[in-house]
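To start, the structure itself, in structure tokens.
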Amino acid sequence: MPLTQTSADVAVRQAAAPILSARDLTVDFKLEHGVMRAVDGVSFDVRRGEVLGIVGESGSGKSQILMAAMGLTAINGRCAGSVTFEGQEILNASPEKLDKIRGSSMSMIFQDPMTSLNPYMRVVDQLTEVLVAHQGKSKAEAVDIAVEMLERVRIPDARRRISLYPHEFSGGMRQRVMIAMALLCKPALLFADEPTTALDVTVQAQILDLLNGLVRELNAAVVIVTHDLGVIARMCDRVIVLYGGRIMEEAAIDDLFENPRHPYSQGLMAATPRLDDNTAHDLRTIPGSPRALAGKMSGCPFAPRCDRRIERCTVETPALQRGAGGRAAACHLVTP
Ligand SMILES: Nc1ncnc2c1ncn2[C@@H]1O[C@H](COP(=O)(O)OP(=O)(O)O)[C@@H](O)[C@H]1O
Ligand code: SF4
Ligand SMILES: [Mg+2]
């Protein structure tokens, strides 16, 4: 569960300028027979000290939102709209500009630690590289900082183990190494893409709690994407529900779990735990999540699966409407 925060904390945070803002973010992929829209007009803000969750089933576009923000979209992809970091445009920015931000203020944790860890390099060299390159530390200073960070992610016997290669760690320990690496430069903004999906449930819970504690201590802004509402319940302050590349609903975590308004969110919650239930739950997986070709979609993306569908739903795409208390929903039948 997120650490308890008073309403005053929340009010102060919401008054601060967002560190990351996405506006009308669209990601298209060129395919052999057309263009597929993976992310469709997504907008959100994240502030320091806030953990934003993006939840949606596989293929809903979660990873592509993070990839676009990190400048890692595949070669056949095109990003449009805007993503700003501390007020600077970073969408489609030059590799030099992105490298600078990625090394010092923005980092990412992937589902598979081997995406970030080099299998042929000892952990000590991978962890210290960034401190030496970006912060001008001596190697000895960097090793001390890295050992301390490994201790903070609770790797036993860190001073000895730091000299091992990644494959000499278990899956859970490797994920801890990656978290240590991502937090080493004290990033202002952290992206986490299904950070614990590959791990068993007990290890997942430990790692999420650890991550939650560390990012709160750093006062970082976090965007975490997952298909798992248990992860959202454990980590997040606010959540966006994504379907077919579009935002269906946005709400504070308690509001979403207690009173989901969008039919898709309601369906998810019906199959989901309460906040005090710590077991991990997956979204109900229903095959055939629709992926429209760009410009071809009409109507609500959820219409084929919605039991409240009316005629208007198949012809008119509902706009995301924002209401009080940070709530928003995209449905013809819902006023947020
Ligand atoms: N390089 C690519 N070329 C074509 N389609 C892609 C590419 N990368 C991702 N996609 C598609 O974009 C959609 C969204 O993918 P993704 O963001 O990875 O989903 P999620 O993370 O929610 O599971 C999926 O339909 C996926 O197949
Ligand atoms: S707009 Fe229509 S189809 Fe879409 S979620 Fe609302 S009721 Fe269902
Ligand atoms: Mg993904």
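Chains: A, B, ... in order of the structure tokens. Residues: from 1 per chain. Ligands: from 1, in order shown.
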Check every protein, DNA and RNA residue against ligand 3, keep those with an atom at most 8 Å away (counting only C-alpha atoms and all ligand atoms), and present them as a list in words. Ser58, Gly59, Gly61, Lys62, Ser63, Gln64, Asp193, Glu194, Val225 and Thr226 of chain A
Go through chain A residue by residue and, counting only C-alpha atoms and all ligand atoms, keep those with an atom at most 12 Å from ligand 2; for each kept residue give the shortest atom pair and its distance in Å to one decimal, ordered by chain and increasing number, as JSON lines.
```
{"residue": "A:Tyr243", "atom": "CA", "partner": "ligand 2", "partner_atom_place_in_ligand_line": "5 (S)", "distance": 10.2}
{"residue": "A:Gly244", "atom": "CA", "partner": "ligand 2", "partner_atom_place_in_ligand_line": "4 (Fe)", "distance": 11.6}
{"residue": "A:Arg246", "atom": "CA", "partner": "ligand 2", "partner_atom_place_in_ligand_line": "4 (Fe)", "distance": 11.5}
{"residue": "A:Ile247", "atom": "CA", "partner": "ligand 2", "partner_atom_place_in_ligand_line": "5 (S)", "distance": 11.2}
{"residue": "A:Met248", "atom": "CA", "partner": "ligand 2", "partner_atom_place_in_ligand_line": "5 (S)", "distance": 7.9}
{"residue": "A:Glu249", "atom": "CA", "partner": "ligand 2", "partner_atom_place_in_ligand_line": "5 (S)", "distance": 10.0}
{"residue": "A:Arg261", "atom": "CA", "partner": "ligand 2", "partner_atom_place_in_ligand_line": "5 (S)", "distance": 9.6}
{"residue": "A:His262", "atom": "CA", "partner": "ligand 2", "partner_atom_place_in_ligand_line": "5 (S)", "distance": 6.1}
{"residue": "A:Pro263", "atom": "CA", "partner": "ligand 2", "partner_atom_place_in_ligand_line": "5 (S)", "distance": 5.1}
{"residue": "A:Tyr264", "atom": "CA", "partner": "ligand 2", "partner_atom_place_in_ligand_line": "5 (S)", "distance": 6.3}
{"residue": "A:Ser265", "atom": "CA", "partner": "ligand 2", "partner_atom_place_in_ligand_line": "5 (S)", "distance": 9.1}
{"residue": "A:Gln266", "atom": "CA", "partner": "ligand 2", "partner_atom_place_in_ligand_line": "5 (S)", "distance": 9.9}
{"residue": "A:Gly267", "atom": "CA", "partner": "ligand 2", "partner_atom_place_in_ligand_line": "5 (S)", "distance": 10.4}
{"residue": "A:Ser298", "atom": "CA", "partner": "ligand 2", "partner_atom_place_in_ligand_line": "4 (Fe)", "distance": 11.2}
{"residue": "A:Gly299", "atom": "CA", "partner": "ligand 2", "partner_atom_place_in_ligand_line": "1 (S)", "distance": 7.6}
{"residue": "A:Cys300", "atom": "CA", "partner": "ligand 2", "partner_atom_place_in_ligand_line": "4 (Fe)", "distance": 4.6}
{"residue": "A:Pro301", "atom": "CA", "partner": "ligand 2", "partner_atom_place_in_ligand_line": "4 (Fe)", "distance": 6.7}
{"residue": "A:Phe302", "atom": "CA", "partner": "ligand 2", "partner_atom_place_in_ligand_line": "4 (Fe)", "distance": 5.1}
{"residue": "A:Ala303", "atom": "CA", "partner": "ligand 2", "partner_atom_place_in_ligand_line": "3 (S)", "distance": 3.5}
{"residue": "A:Pro304", "atom": "CA", "partner": "ligand 2", "partner_atom_place_in_ligand_line": "3 (S)", "distance": 7.1}
{"residue": "A:Arg305", "atom": "CA", "partner": "ligand 2", "partner_atom_place_in_ligand_line": "3 (S)", "distance": 7.5}
{"residue": "A:Cys306", "atom": "CA", "partner": "ligand 2", "partner_atom_place_in_ligand_line": "8 (Fe)", "distance": 4.6}
{"residue": "A:Asp307", "atom": "CA", "partner": "ligand 2", "partner_atom_place_in_ligand_line": "8 (Fe)", "distance": 6.7}
{"residue": "A:Arg308", "atom": "CA", "partner": "ligand 2", "partner_atom_place_in_ligand_line": "7 (S)", "distance": 4.8}
{"residue": "A:Arg309", "atom": "CA", "partner": "ligand 2", "partner_atom_place_in_ligand_line": "3 (S)", "distance": 4.2}
{"residue": "A:Ile310", "atom": "CA", "partner": "ligand 2", "partner_atom_place_in_ligand_line": "2 (Fe)", "distance": 5.9}
{"residue": "A:Glu311", "atom": "CA", "partner": "ligand 2", "partner_atom_place_in_ligand_line": "2 (Fe)", "distance": 8.1}
{"residue": "A:Arg312", "atom": "CA", "partner": "ligand 2", "partner_atom_place_in_ligand_line": "2 (Fe)", "distance": 7.2}
{"residue": "A:Cys313", "atom": "CA", "partner": "ligand 2", "partner_atom_place_in_ligand_line": "2 (Fe)", "distance": 4.3}
{"residue": "A:Thr314", "atom": "CA", "partner": "ligand 2", "partner_atom_place_in_ligand_line": "3 (S)", "distance": 7.0}
{"residue": "A:Val315", "atom": "CA", "partner": "ligand 2", "partner_atom_place_in_ligand_line": "2 (Fe)", "distance": 9.8}
{"residue": "A:Glu316", "atom": "CA", "partner": "ligand 2", "partner_atom_place_in_ligand_line": "1 (S)", "distance": 8.2}
{"residue": "A:Thr317", "atom": "CA", "partner": "ligand 2", "partner_atom_place_in_ligand_line": "1 (S)", "distance": 7.1}
{"residue": "A:Pro318", "atom": "CA", "partner": "ligand 2", "partner_atom_place_in_ligand_line": "1 (S)", "distance": 5.7}
{"residue": "A:Ala319", "atom": "CA", "partner": "ligand 2", "partner_atom_place_in_ligand_line": "1 (S)", "distance": 9.0}
{"residue": "A:Leu320", "atom": "CA", "partner": "ligand 2", "partner_atom_place_in_ligand_line": "1 (S)", "distance": 10.3}
{"residue": "A:Gln321", "atom": "CA", "partner": "ligand 2", "partner_atom_place_in_ligand_line": "1 (S)", "distance": 11.8}
{"residue": "A:Ala329", "atom": "CA", "partner": "ligand 2", "partner_atom_place_in_ligand_line": "6 (Fe)", "distance": 9.1}
{"residue": "A:Ala330", "atom": "CA", "partner": "ligand 2", "partner_atom_place_in_ligand_line": "1 (S)", "distance": 6.8}
{"residue": "A:Cys331", "atom": "CA", "partner": "ligand 2", "partner_atom_place_in_ligand_line": "6 (Fe)", "distance": 3.7}
{"residue": "A:His332", "atom": "CA", "partner": "ligand 2", "partner_atom_place_in_ligand_line": "1 (S)", "distance": 4.4}
{"residue": "A:Leu333", "atom": "CA", "partner": "ligand 2", "partner_atom_place_in_ligand_line": "6 (Fe)", "distance": 5.5}
{"residue": "A:Val334", "atom": "CA", "partner": "ligand 2", "partner_atom_place_in_ligand_line": "6 (Fe)", "distance": 7.1}
{"residue": "A:Thr335", "atom": "CA", "partner": "ligand 2", "partner_atom_place_in_ligand_line": "6 (Fe)", "distance": 10.6}
```
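Take the candidates A:Asn76, A:Gln206, A:Thr196, A:Asn259 and check each one against ligand 1 using only C-alpha atoms and all ligand atoms; the shortest distance goes to A:Asn76.
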Within 10 Å of ligand 1, counting only C-alpha atoms and all ligand atoms: which residues, as a PyMOL selection string? chain A and resi 27-32+35-39+54-68+73-78+193-194+225-227+242-245+289-292
Write out the residues from the selection above, keeping C-alpha atoms, as a PDB file, in the first residue's frame.
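Generated output (again_9.pdb):
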```pdb
ATOM      1  CA  VAL A  27       2.659   6.569 -31.150  1.00  0.00           C
ATOM      2  CA  ASP A  28       2.119   5.026 -34.577  1.00  0.00           C
ATOM      3  CA  PHE A  29       3.882   1.973 -35.980  1.00  0.00           C
ATOM      4  CA  LYS A  30       4.364   1.437 -39.648  1.00  0.00           C
ATOM      5  CA  LEU A  31       3.331  -2.104 -40.577  1.00  0.00           C
ATOM      6  CA  GLU A  32       3.370  -3.845 -43.934  1.00  0.00           C
ATOM      7  CA  VAL A  35      -0.106   2.200 -39.753  1.00  0.00           C
ATOM      8  CA  MET A  36      -1.101   0.927 -36.306  1.00  0.00           C
ATOM      9  CA  ARG A  37      -1.831   3.432 -33.555  1.00  0.00           C
ATOM     10  CA  ALA A  38      -0.369   1.991 -30.341  1.00  0.00           C
ATOM     11  CA  VAL A  39      -0.857   5.107 -28.185  1.00  0.00           C
ATOM     12  CA  ILE A  54      -0.733   3.041 -15.773  1.00  0.00           C
ATOM     13  CA  VAL A  55      -2.712  -0.176 -15.874  1.00  0.00           C
ATOM     14  CA  GLY A  56      -4.036  -2.042 -18.870  1.00  0.00           C
ATOM     15  CA  GLU A  57      -3.977  -5.451 -20.411  1.00  0.00           C
ATOM     16  CA  SER A  58      -1.214  -6.712 -22.622  1.00  0.00           C
ATOM     17  CA  GLY A  59      -0.942  -4.723 -25.859  1.00  0.00           C
ATOM     18  CA  SER A  60      -2.807  -1.673 -24.536  1.00  0.00           C
ATOM     19  CA  GLY A  61       0.188   0.598 -25.191  1.00  0.00           C
ATOM     20  CA  LYS A  62       1.670   0.936 -21.694  1.00  0.00           C
ATOM     21  CA  SER A  63       5.284   0.242 -22.592  1.00  0.00           C
ATOM     22  CA  GLN A  64       5.127   2.446 -25.679  1.00  0.00           C
ATOM     23  CA  ILE A  65       4.190   5.458 -23.536  1.00  0.00           C
ATOM     24  CA  LEU A  66       7.387   4.986 -21.503  1.00  0.00           C
ATOM     25  CA  MET A  67       9.479   4.193 -24.573  1.00  0.00           C
ATOM     26  CA  ALA A  68       8.328   7.421 -26.251  1.00  0.00           C
ATOM     27  CA  THR A  73      10.653   4.027 -29.731  1.00  0.00           C
ATOM     28  CA  ALA A  74      11.469   1.370 -32.342  1.00  0.00           C
ATOM     29  CA  ILE A  75      12.657   2.471 -35.749  1.00  0.00           C
ATOM     30  CA  ASN A  76       9.249   1.855 -37.429  1.00  0.00           C
ATOM     31  CA  GLY A  77       7.514   4.037 -34.822  1.00  0.00           C
ATOM     32  CA  ARG A  78       6.552   7.731 -34.984  1.00  0.00           C
ATOM     33  CA  ASP A 193       7.802  -1.184 -16.728  1.00  0.00           C
ATOM     34  CA  GLU A 194       6.269  -4.295 -15.116  1.00  0.00           C
ATOM     35  CA  VAL A 225       3.134   0.496 -15.821  1.00  0.00           C
ATOM     36  CA  THR A 226       1.646  -2.921 -15.165  1.00  0.00           C
ATOM     37  CA  HIS A 227      -1.159  -5.279 -16.090  1.00  0.00           C
ATOM     38  CA  LEU A 242      -5.540   2.342 -20.518  1.00  0.00           C
ATOM     39  CA  TYR A 243      -7.414   0.416 -23.180  1.00  0.00           C
ATOM     40  CA  GLY A 244      -6.601   0.188 -26.868  1.00  0.00           C
ATOM     41  CA  GLY A 245      -3.982   2.945 -26.479  1.00  0.00           C
ATOM     42  CA  SER A 289      -8.232  -6.473 -27.591  1.00  0.00           C
ATOM     43  CA  PRO A 290      -8.890  -4.245 -30.598  1.00  0.00           C
ATOM     44  CA  ARG A 291      -6.021  -2.490 -32.335  1.00  0.00           C
ATOM     45  CA  ALA A 292      -7.344  -0.059 -34.885  1.00  0.00           C
TER      46      ALA A 292
END
```
DSSP on the backbone: which residues in stretch 64-303 of chain A end up as helix (DSSP H, G or I)? Give the answer as a PyMOL selection string. chain A and resi 64-70+95-104+113-115+123-135+139-152+158-161+166-168+171-183+201-218+229-235+253-258+263-270+303
I'd like the contact shell of A:Gly71 - 9 Å cut-off, only C-alpha atoms, skipping same-chain residues fewer than 3 positions apart - returned as a short mmCIF file (atom, residue, chain, number, x, y, z; two decimals) with N, CA, C and O atoms, in the first residue's frame.
```cif
data_model
loop_
_atom_site.label_atom_id
_atom_site.label_comp_id
_atom_site.auth_asym_id
_atom_site.auth_seq_id
_atom_site.Cartn_x
_atom_site.Cartn_y
_atom_site.Cartn_z
N LEU A 66 6.08 4.78 -22.15
CA LEU A 66 7.39 4.99 -21.50
C LEU A 66 8.51 5.07 -22.54
O LEU A 66 9.41 5.89 -22.43
N MET A 67 8.43 4.20 -23.54
CA MET A 67 9.48 4.19 -24.57
C MET A 67 9.53 5.55 -25.27
O MET A 67 10.62 6.08 -25.54
N ALA A 68 8.37 6.11 -25.58
CA ALA A 68 8.33 7.42 -26.25
C ALA A 68 8.98 8.49 -25.37
O ALA A 68 9.81 9.28 -25.84
N ILE A 90 11.01 16.78 -24.56
CA ILE A 90 11.92 15.65 -24.75
C ILE A 90 11.42 14.66 -25.80
O ILE A 90 12.14 13.74 -26.17
N LEU A 91 10.19 14.86 -26.29
CA LEU A 91 9.69 13.92 -27.30
C LEU A 91 10.43 14.18 -28.61
O LEU A 91 10.51 15.33 -29.06
N ASN A 92 10.97 13.13 -29.18
CA ASN A 92 11.76 13.23 -30.42
C ASN A 92 12.99 14.15 -30.26
O ASN A 92 13.45 14.73 -31.23
N ALA A 93 13.48 14.27 -29.03
CA ALA A 93 14.67 15.11 -28.80
C ALA A 93 15.92 14.40 -29.32
O ALA A 93 15.91 13.18 -29.54
N SER A 94 17.01 15.14 -29.45
CA SER A 94 18.25 14.56 -29.97
C SER A 94 18.80 13.55 -28.97
O SER A 94 18.61 13.69 -27.76
N PRO A 95 19.52 12.53 -29.47
CA PRO A 95 20.12 11.54 -28.55
C PRO A 95 21.02 12.20 -27.51
O PRO A 95 21.06 11.77 -26.36
N LEU A 98 18.84 13.66 -24.75
CA LEU A 98 18.23 12.58 -23.98
C LEU A 98 19.24 11.85 -23.12
O LEU A 98 18.97 11.50 -21.97
#
```
Using only C-alpha atoms, which residue out of A:Ile101, A:Ala158, A:Leu210, A:Ala251 lies closest to A:His134? A:Ile101
Mind checking which residues fall within 9 Å of A:Asp112, counting only C-alpha atoms, ignoring those fewer than 3 positions away in the same chain, and posting them as a PyMOL selection string? chain A and resi 109+115-116+175+194-198
Please write the residues from the selection above to a file, keeping N, CA, C and O atoms, as a short mmCIF file (atom, residue, chain, number, x, y, z; two decimals), in the first residue's frame.
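Written out: part_32.cif:
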```
data_model
loop_
_atom_site.label_atom_id
_atom_site.label_comp_id
_atom_site.auth_asym_id
_atom_site.auth_seq_id
_atom_site.Cartn_x
_atom_site.Cartn_y
_atom_site.Cartn_z
N ILE A 109 13.40 1.18 -14.97
CA ILE A 109 13.53 -0.22 -14.55
C ILE A 109 12.67 -1.06 -15.49
O ILE A 109 11.48 -0.79 -15.65
N THR A 115 17.74 -6.62 -19.69
CA THR A 115 17.61 -5.53 -20.66
C THR A 115 18.56 -4.40 -20.30
O THR A 115 19.07 -3.69 -21.16
N SER A 116 18.76 -4.19 -19.00
CA SER A 116 19.64 -3.08 -18.59
C SER A 116 21.03 -3.55 -18.19
O SER A 116 21.97 -2.78 -18.26
N GLN A 175 16.93 -8.27 -9.97
CA GLN A 175 15.99 -7.15 -10.04
C GLN A 175 16.38 -6.08 -9.01
O GLN A 175 16.27 -4.89 -9.26
N GLU A 194 6.52 -2.95 -15.66
CA GLU A 194 6.27 -4.30 -15.12
C GLU A 194 7.48 -4.75 -14.29
O GLU A 194 8.03 -5.83 -14.56
N PRO A 195 7.88 -3.98 -13.28
CA PRO A 195 9.18 -4.24 -12.65
C PRO A 195 9.28 -5.57 -11.93
O PRO A 195 10.37 -6.04 -11.68
N THR A 196 8.15 -6.19 -11.59
CA THR A 196 8.24 -7.42 -10.80
C THR A 196 7.49 -8.60 -11.44
O THR A 196 7.35 -9.65 -10.83
N THR A 197 7.04 -8.41 -12.68
CA THR A 197 6.19 -9.42 -13.30
C THR A 197 6.86 -10.79 -13.40
O THR A 197 6.19 -11.82 -13.30
N ALA A 198 8.18 -10.80 -13.58
CA ALA A 198 8.86 -12.08 -13.78
C ALA A 198 9.12 -12.82 -12.47
O ALA A 198 9.61 -13.94 -12.49
#
```
